[in-house]
file coords-v8.txt (compact mmCIF, C-alpha atoms)
# COMPACT_ATOMS: atom_id res chain seq x y z
CA MET E 21 -62.59 51.04 21.79
CA SER E 22 -65.50 49.02 20.39
CA LEU E 23 -66.19 45.49 21.53
CA SER E 24 -65.16 44.03 18.17
CA ARG E 25 -61.88 45.96 18.19
CA ARG E 26 -61.16 44.80 21.74
CA ALA E 27 -61.81 41.18 20.75
CA THR E 28 -59.50 41.46 17.74
CA ALA E 29 -56.71 42.93 19.87
CA ALA E 30 -57.12 40.20 22.45
CA LEU E 31 -56.93 37.43 19.83
CA ALA E 32 -53.81 39.02 18.33
CA ALA E 33 -52.17 39.12 21.75
CA ILE E 34 -52.84 35.39 22.19
CA ALA E 35 -51.94 34.32 18.64
CA LEU E 36 -48.62 36.20 18.32
CA PRO E 37 -46.80 34.26 21.08
CA MET E 38 -48.17 30.98 19.71
CA VAL E 39 -46.90 31.73 16.20
CA THR E 40 -43.54 32.89 17.58
CA ALA E 41 -43.19 29.74 19.68
CA LEU E 42 -44.10 27.54 16.71
CA THR E 43 -41.55 29.31 14.51
CA VAL E 44 -38.81 28.93 17.12
CA GLY E 45 -39.70 25.30 17.61
CA LEU E 46 -39.45 24.59 13.91
CA ALA E 47 -36.11 26.37 13.65
CA ALA E 48 -34.75 24.45 16.63
CA ALA E 49 -35.84 21.03 15.33
CA PRO E 50 -32.76 19.07 14.19
CA ALA E 51 -32.46 18.26 10.50
CA GLN E 52 -32.78 14.58 9.68
CA ALA E 53 -29.33 13.04 9.43
CA ALA E 54 -28.28 12.00 5.94
CA THR E 55 -27.74 8.29 5.33
CA PRO E 56 -24.00 7.56 5.51
CA THR E 57 -22.28 6.38 2.36
CA TYR E 58 -19.76 3.56 2.15
CA THR E 59 -17.43 2.73 -0.74
CA ALA E 60 -15.76 -0.70 -0.78
CA LEU E 61 -12.57 -0.89 -2.81
CA GLY E 62 -10.23 -3.76 -3.54
CA ASP E 63 -9.64 -7.19 -4.96
CA SER E 64 -11.25 -10.63 -4.62
CA TYR E 65 -11.02 -10.59 -0.84
CA ALA E 66 -13.27 -7.54 -0.87
CA SER E 67 -15.55 -8.56 -3.74
CA GLY E 68 -16.53 -11.86 -2.13
CA THR E 69 -14.73 -14.50 -4.19
CA GLY E 70 -14.94 -17.71 -2.20
CA THR E 71 -18.59 -17.33 -1.15
CA ARG E 72 -19.81 -19.22 -4.26
CA GLU E 73 -22.71 -16.91 -5.06
CA TYR E 74 -22.31 -13.69 -7.06
CA TYR E 75 -24.43 -10.90 -8.46
CA SER E 76 -25.27 -11.80 -12.04
CA ASP E 77 -24.24 -8.39 -13.32
CA SER E 78 -20.81 -8.45 -11.63
CA GLY E 79 -19.24 -10.80 -14.19
CA SER E 80 -15.63 -11.73 -13.50
CA CYS E 81 -15.48 -9.24 -10.60
CA GLN E 82 -17.44 -11.80 -8.53
CA ARG E 83 -19.21 -9.38 -6.21
CA SER E 84 -21.29 -11.23 -3.67
CA ARG E 85 -24.16 -10.39 -1.34
CA HIS E 86 -22.28 -12.49 1.23
CA SER E 87 -19.17 -10.27 1.05
CA TYR E 88 -17.96 -8.20 3.97
CA PRO E 89 -18.82 -4.88 2.25
CA VAL E 90 -22.48 -5.86 1.87
CA LEU E 91 -22.63 -7.22 5.42
CA GLY E 92 -20.69 -4.24 6.77
CA ALA E 93 -22.93 -1.70 5.03
CA ALA E 94 -25.97 -3.28 6.68
CA ARG E 95 -24.32 -3.08 10.10
CA LEU E 96 -23.34 0.55 9.53
CA GLY E 97 -26.71 1.55 8.11
CA ALA E 98 -24.89 2.91 5.07
CA THR E 99 -25.60 3.07 1.35
CA LEU E 100 -22.98 0.93 -0.39
CA THR E 101 -21.02 1.68 -3.55
CA PHE E 102 -19.22 -1.55 -4.45
CA PRO E 103 -16.56 -1.33 -7.20
CA ALA E 104 -14.26 -4.00 -5.67
CA CYS E 105 -13.29 -6.55 -8.30
CA ALA E 106 -11.59 -9.94 -8.29
CA GLY E 107 -8.13 -9.73 -9.79
CA ALA E 108 -7.65 -6.03 -9.07
CA THR E 109 -4.13 -4.80 -8.38
CA VAL E 110 -3.34 -1.63 -6.46
CA SER E 111 -3.07 0.15 -9.80
CA GLY E 112 -6.43 -1.29 -10.85
CA VAL E 113 -8.06 0.14 -7.72
CA LEU E 114 -6.31 3.48 -8.22
CA ASN E 115 -7.33 3.85 -11.85
CA GLY E 116 -10.69 2.11 -11.94
CA GLN E 117 -12.48 2.14 -8.59
CA LEU E 118 -12.29 5.64 -7.10
CA GLY E 119 -14.95 7.39 -9.18
CA SER E 120 -17.58 7.61 -6.44
CA LEU E 121 -15.32 9.12 -3.76
CA ASN E 122 -16.04 12.71 -2.77
CA ALA E 123 -16.13 15.04 0.22
CA SER E 124 -19.44 13.51 1.35
CA THR E 125 -18.18 9.92 1.47
CA THR E 126 -18.54 8.63 5.04
CA TYR E 127 -16.73 5.28 5.03
CA VAL E 128 -14.14 3.64 2.79
CA THR E 129 -12.64 0.16 3.02
CA VAL E 130 -9.83 -1.10 0.82
CA THR E 131 -8.23 -4.53 0.54
CA ALA E 132 -5.46 -4.52 -2.06
CA GLY E 133 -1.89 -5.66 -2.55
CA GLY E 134 -2.17 -9.44 -2.78
CA ASN E 135 -2.35 -9.48 -6.57
CA ASP E 136 0.65 -7.16 -6.85
CA ILE E 137 2.87 -9.82 -5.30
CA GLY E 138 1.35 -12.69 -7.29
CA TRP E 139 0.00 -14.33 -4.13
CA SER E 140 -2.44 -16.65 -5.90
CA SER E 141 0.24 -17.90 -8.29
CA VAL E 142 2.58 -18.59 -5.37
CA ILE E 143 -0.02 -20.75 -3.63
CA VAL E 144 -0.84 -22.62 -6.84
CA GLN E 145 2.86 -23.42 -7.22
CA CYS E 146 3.05 -24.58 -3.61
CA ALA E 147 0.09 -26.91 -4.15
CA LEU E 148 1.67 -28.76 -7.09
CA PRO E 149 2.55 -32.44 -6.54
CA TRP E 150 6.01 -33.50 -5.34
CA PRO E 151 8.76 -32.86 -6.34
CA ALA E 152 7.64 -29.30 -7.18
CA THR E 153 8.48 -26.67 -4.57
CA CYS E 154 7.65 -22.98 -4.18
CA TRP E 155 10.52 -21.57 -2.11
CA SER E 156 11.78 -19.26 -4.86
CA GLN E 157 8.26 -18.00 -5.57
CA ILE E 158 7.78 -17.15 -1.89
CA ASP E 159 11.12 -15.30 -1.91
CA ASP E 160 10.06 -13.33 -4.98
CA ALA E 161 6.76 -12.38 -3.34
CA GLU E 162 8.54 -11.20 -0.20
CA ASN E 163 10.91 -9.08 -2.29
CA GLN E 164 7.89 -7.48 -3.98
CA ILE E 165 6.37 -6.75 -0.57
CA ARG E 166 9.54 -5.07 0.67
CA ASN E 167 10.63 -3.18 -2.43
CA THR E 168 7.62 -2.45 -4.67
CA LEU E 169 4.38 -2.62 -2.74
CA PRO E 170 4.92 0.27 -0.27
CA GLY E 171 5.24 2.89 -3.01
CA ARG E 172 2.15 1.62 -4.80
CA LEU E 173 0.12 1.68 -1.59
CA ASP E 174 1.29 5.23 -0.85
CA GLN E 175 -0.03 6.36 -4.23
CA LEU E 176 -3.39 4.70 -3.66
CA TYR E 177 -3.86 5.88 -0.09
CA SER E 178 -2.88 9.45 -0.95
CA ARG E 179 -5.44 9.52 -3.75
CA ILE E 180 -8.19 8.11 -1.55
CA ARG E 181 -7.57 10.82 1.03
CA ALA E 182 -7.48 13.57 -1.59
CA LEU E 183 -10.80 12.47 -3.10
CA ALA E 184 -12.56 11.67 0.20
CA PRO E 185 -11.04 14.09 2.73
CA ASN E 186 -13.76 13.57 5.34
CA ALA E 187 -14.11 9.81 5.09
CA ARG E 188 -13.18 7.29 7.75
CA VAL E 189 -10.90 4.85 5.93
CA ALA E 190 -10.18 1.28 7.03
CA VAL E 191 -7.49 -0.68 5.25
CA VAL E 192 -8.52 -4.32 5.62
CA GLY E 193 -5.72 -6.88 5.68
CA TYR E 194 -5.23 -10.51 4.68
CA PRO E 195 -5.15 -13.47 7.09
CA ARG E 196 -2.64 -16.26 7.55
CA LEU E 197 -3.99 -19.17 5.52
CA PHE E 198 -2.53 -22.26 7.19
CA ASN E 199 -2.25 -24.02 10.53
CA GLY E 200 0.54 -26.47 9.62
CA GLU E 201 -1.70 -29.47 8.92
CA GLU E 202 -2.10 -31.26 5.60
CA CYS E 203 -5.78 -32.15 5.26
CA ASN E 204 -6.42 -31.81 1.53
CA LEU E 205 -5.46 -34.74 -0.65
CA ILE E 206 -5.68 -32.59 -3.79
CA ALA E 207 -3.07 -30.05 -2.66
CA ARG E 208 0.41 -30.83 -1.39
CA ILE E 209 1.56 -27.90 0.72
CA SER E 210 4.08 -29.13 3.26
CA PRO E 211 4.16 -27.86 6.86
CA GLY E 212 7.43 -26.09 6.06
CA GLU E 213 5.92 -24.33 3.05
CA GLN E 214 2.83 -23.44 5.09
CA ALA E 215 5.02 -21.84 7.75
CA GLU E 216 6.88 -19.82 5.13
CA LEU E 217 3.64 -18.74 3.47
CA ASN E 218 2.33 -17.59 6.85
CA ALA E 219 5.57 -15.67 7.40
CA ALA E 220 5.03 -13.96 4.04
CA ALA E 221 1.45 -13.15 5.10
CA ASP E 222 2.86 -11.55 8.26
CA LEU E 223 5.26 -9.45 6.19
CA LEU E 224 2.38 -8.41 3.92
CA ALA E 225 0.23 -7.45 6.91
CA THR E 226 2.90 -5.40 8.66
CA THR E 227 3.83 -3.64 5.40
CA ILE E 228 0.22 -2.71 4.61
CA ARG E 229 -0.34 -1.62 8.22
CA SER E 230 2.73 0.62 8.14
CA ARG E 231 1.56 2.46 5.02
CA ALA E 232 -2.06 2.69 6.23
CA VAL E 233 -1.06 4.22 9.57
CA ALA E 234 1.31 6.64 7.81
CA HIS E 235 -1.70 8.04 5.95
CA GLY E 236 -3.86 8.27 9.07
CA PHE E 237 -6.01 5.27 8.17
CA THR E 238 -7.23 2.51 10.47
CA PHE E 239 -5.77 -0.94 9.82
CA ALA E 240 -8.10 -3.91 10.31
CA ASP E 241 -5.72 -6.82 10.90
CA ALA E 242 -7.30 -10.13 9.86
CA ARG E 243 -4.67 -12.35 11.45
CA GLY E 244 -6.11 -12.28 14.96
CA PRO E 245 -9.78 -12.84 14.06
CA PHE E 246 -8.88 -15.63 11.62
CA SER E 247 -6.67 -17.44 14.15
CA GLY E 248 -8.22 -20.86 14.72
CA HIS E 249 -10.13 -20.59 11.44
CA ALA E 250 -7.38 -21.36 8.92
CA VAL E 251 -7.47 -24.03 6.23
CA CYS E 252 -7.71 -27.43 7.98
CA ASP E 253 -9.02 -25.95 11.27
CA ASP E 254 -12.25 -27.40 12.68
CA VAL E 255 -14.18 -24.23 11.81
CA GLU E 256 -12.69 -22.93 8.57
CA TRP E 257 -13.20 -19.34 7.50
CA LEU E 258 -11.11 -20.01 4.39
CA ASN E 259 -11.51 -22.40 1.49
CA GLY E 260 -8.76 -24.89 0.82
CA THR E 261 -8.10 -26.13 -2.71
CA SER E 262 -11.56 -26.01 -4.27
CA ASN E 263 -13.53 -26.57 -7.43
CA PRO E 264 -13.63 -24.21 -9.23
CA LEU E 265 -10.02 -23.41 -8.50
CA GLY E 266 -10.66 -19.67 -8.23
CA GLU E 267 -12.60 -20.22 -4.99
CA SER E 268 -9.47 -21.62 -3.35
CA TYR E 269 -7.73 -19.85 -0.47
CA HIS E 270 -10.36 -17.13 -0.20
CA PRO E 271 -12.68 -16.42 2.74
CA ASN E 272 -15.90 -18.40 2.74
CA ARG E 273 -19.21 -16.95 3.96
CA ALA E 274 -18.26 -17.39 7.61
CA GLY E 275 -14.98 -15.62 6.89
CA HIS E 276 -16.82 -12.64 5.46
CA VAL E 277 -19.02 -12.47 8.55
CA GLY E 278 -15.77 -12.28 10.52
CA TYR E 279 -14.48 -9.56 8.22
CA ALA E 280 -17.71 -7.57 8.63
CA GLY E 281 -17.20 -7.61 12.38
CA MET E 282 -13.67 -6.30 11.90
CA VAL E 283 -14.92 -3.46 9.72
CA GLN E 284 -17.61 -2.51 12.20
CA ALA E 285 -15.06 -2.50 15.02
CA ALA E 286 -12.60 -0.46 12.95
CA PHE E 287 -15.15 2.25 12.27
CA SER E 288 -16.43 2.24 15.84
CA GLY E 289 -12.87 2.83 16.99
CA ALA E 290 -12.43 5.61 14.44
CA THR E 291 -15.62 7.25 15.68
CA ALA E 292 -14.43 7.07 19.27
CA ARG E 293 -11.04 8.61 18.43
CA ARG E 294 -12.65 11.50 16.53
CA SER E 295 -15.20 12.33 19.25
call {"tool": "encode", "arguments": {"input": "coords-v8.txt", "output": "structure tokens"}}
result
Amino acid sequence: MSLSRRATAALAAIALPMVTALTVGLAAAPAQAATPTYTALGDSYASGTGTREYYSDSGSCQRSRHSYPVLGAARLGATLTFPACAGATVSGVLNGQLGSLNASTTYVTVTAGGNDIGWSSVIVQCALPWPATCWSQIDDAENQIRNTLPGRLDQLYSRIRALAPNARVAVVGYPRLFNGEECNLIARISPGEQAELNAAADLLATTIRSRAVAHGFTFADARGPFSGHAVCDDVEWLNGTSNPLGESYHPNRAGHVGYAGMVQAAFSGATARRS
């Protein structure tokens, strides 16, 4: 064999393992993980009503950069789709907010049901001056919670799961609003009415939780985290009667920070259970 042919053979013997190793290394390198996606569904408690600053293009939906979906998406490192809208009923979410859900959706949160029972109207009635009362309105709301709301939630939750079969879904609840004190001269809500409203909030929470769990979803219960932060507490996470009136009895910016922590914990728990 000539010297040149020997040199060529020697180089080939050295180069082939190097190329093979490089090819194997490239094949073994993990693909970069896709950015998770998060869709936030629901009503004014999800959109951010109460934070007093809204995206200019959100109109009456009152979506806010201070809302728990925006804060939660940042904590999760997720790309947010944000159709939640003030005033939405369960039917409104079902028929108008699910368009982005698909098999690749990573996270979903949904806060809905309060508008179906006329919760805001009940509180407005309770806040009217004496001698107005709201006992019958509270009774009507509780009847709606028991008899009508479960079926509507079942429809919504079933559809979410069908559209986003691989998503981790957290149903985010509503807090108790009151601590029994009367601290707002504008609104007259007696301690007895406050206690009954809190009892209705408990019924709403347990009803929503029951339907969420039945569909395999995580329930993020706001009652514990908001304890000590009700209207009239030293550190309020909720607005009392406010101007404009629509800001009333909704979470303020601190309340949405609390909600974002709940969402993060809910999804961390879901991750742990699936691992």
call {"tool": "atom_distance", "arguments": {"input": "coords-v8.txt", "atom1": "atom CA of Asn167 of chain E", "atom2": "atom CA of Asp136 of chain E"}}
result
11.6 Å
call {"tool": "atom_distance", "arguments": {"input": "coords-v8.txt", "atom1": "atom CA of Arg95 of chain E", "atom2": "atom CA of Trp257 of chain E"}}
result
19.9 Å
call {"tool": "atom_distance", "arguments": {"input": "coords-v8.txt", "atom1": "atom CA of Val130 of chain E", "atom2": "atom CA of Ala108 of chain E"}}
result
11.3 Å
call {"tool": "closest_residue", "arguments": {"input": "coords-v8.txt", "among": "E:Gly92, E:Gly248, E:Gly107, E:Gly281", "to": "Val128 of chain E", "atoms": "only C-alpha atoms"}}
result
E:Gly92
call {"tool": "closest_residue", "arguments": {"input": "coords-v8.txt", "among": "E:Ala94, E:Ala182, E:Leu217, E:Cys252", "to": "Val283 of chain E", "atoms": "only C-alpha atoms"}}
result
E:Ala94
call {"tool": "residues_around", "arguments": {"input": "coords-v8.txt", "residues": "Gly236 of chain E", "least_positions_apart": "2", "cutoff": "10 Å", "atoms": "only C-alpha atoms", "output": "PyMOL selection string"}}
result
chain E and resi 177+181+188-190+231-234+238-239
call {"tool": "write_last_selection", "arguments": {"input": "coords-v8.txt", "atoms": "C-alpha atoms", "output": "tab-separated table (two decimals), keeping the file's coordinate frame"}}
result
chain	number	residue	atom	x	y	z
E	177	TYR	CA	-3.86	5.88	-0.09
E	181	ARG	CA	-7.57	10.82	1.03
E	188	ARG	CA	-13.18	7.29	7.75
E	189	VAL	CA	-10.90	4.85	5.93
E	190	ALA	CA	-10.18	1.28	7.03
E	231	ARG	CA	1.56	2.46	5.02
E	232	ALA	CA	-2.06	2.69	6.23
E	233	VAL	CA	-1.06	4.22	9.57
E	234	ALA	CA	1.31	6.64	7.81
E	238	THR	CA	-7.23	2.51	10.47
E	239	PHE	CA	-5.77	-0.94	9.82
call {"tool": "residues_near_point", "arguments": {"input": "coords-v8.txt", "point": "(-17.0, -16.3, -6.4)", "cutoff": "12 Å", "atoms": "all atoms listed in the file", "output": "PyMOL selection string"}}
result
chain E and resi 63-76+78-87+105-107+259+262-273
call {"tool": "residues_around", "arguments": {"input": "coords-v8.txt", "residues": "Leu183 of chain E", "least_positions_apart": "3", "cutoff": "6 Å", "atoms": "only C-alpha atoms", "output": "MDAnalysis selection string"}}
result
chainID E and resid 121:122 180
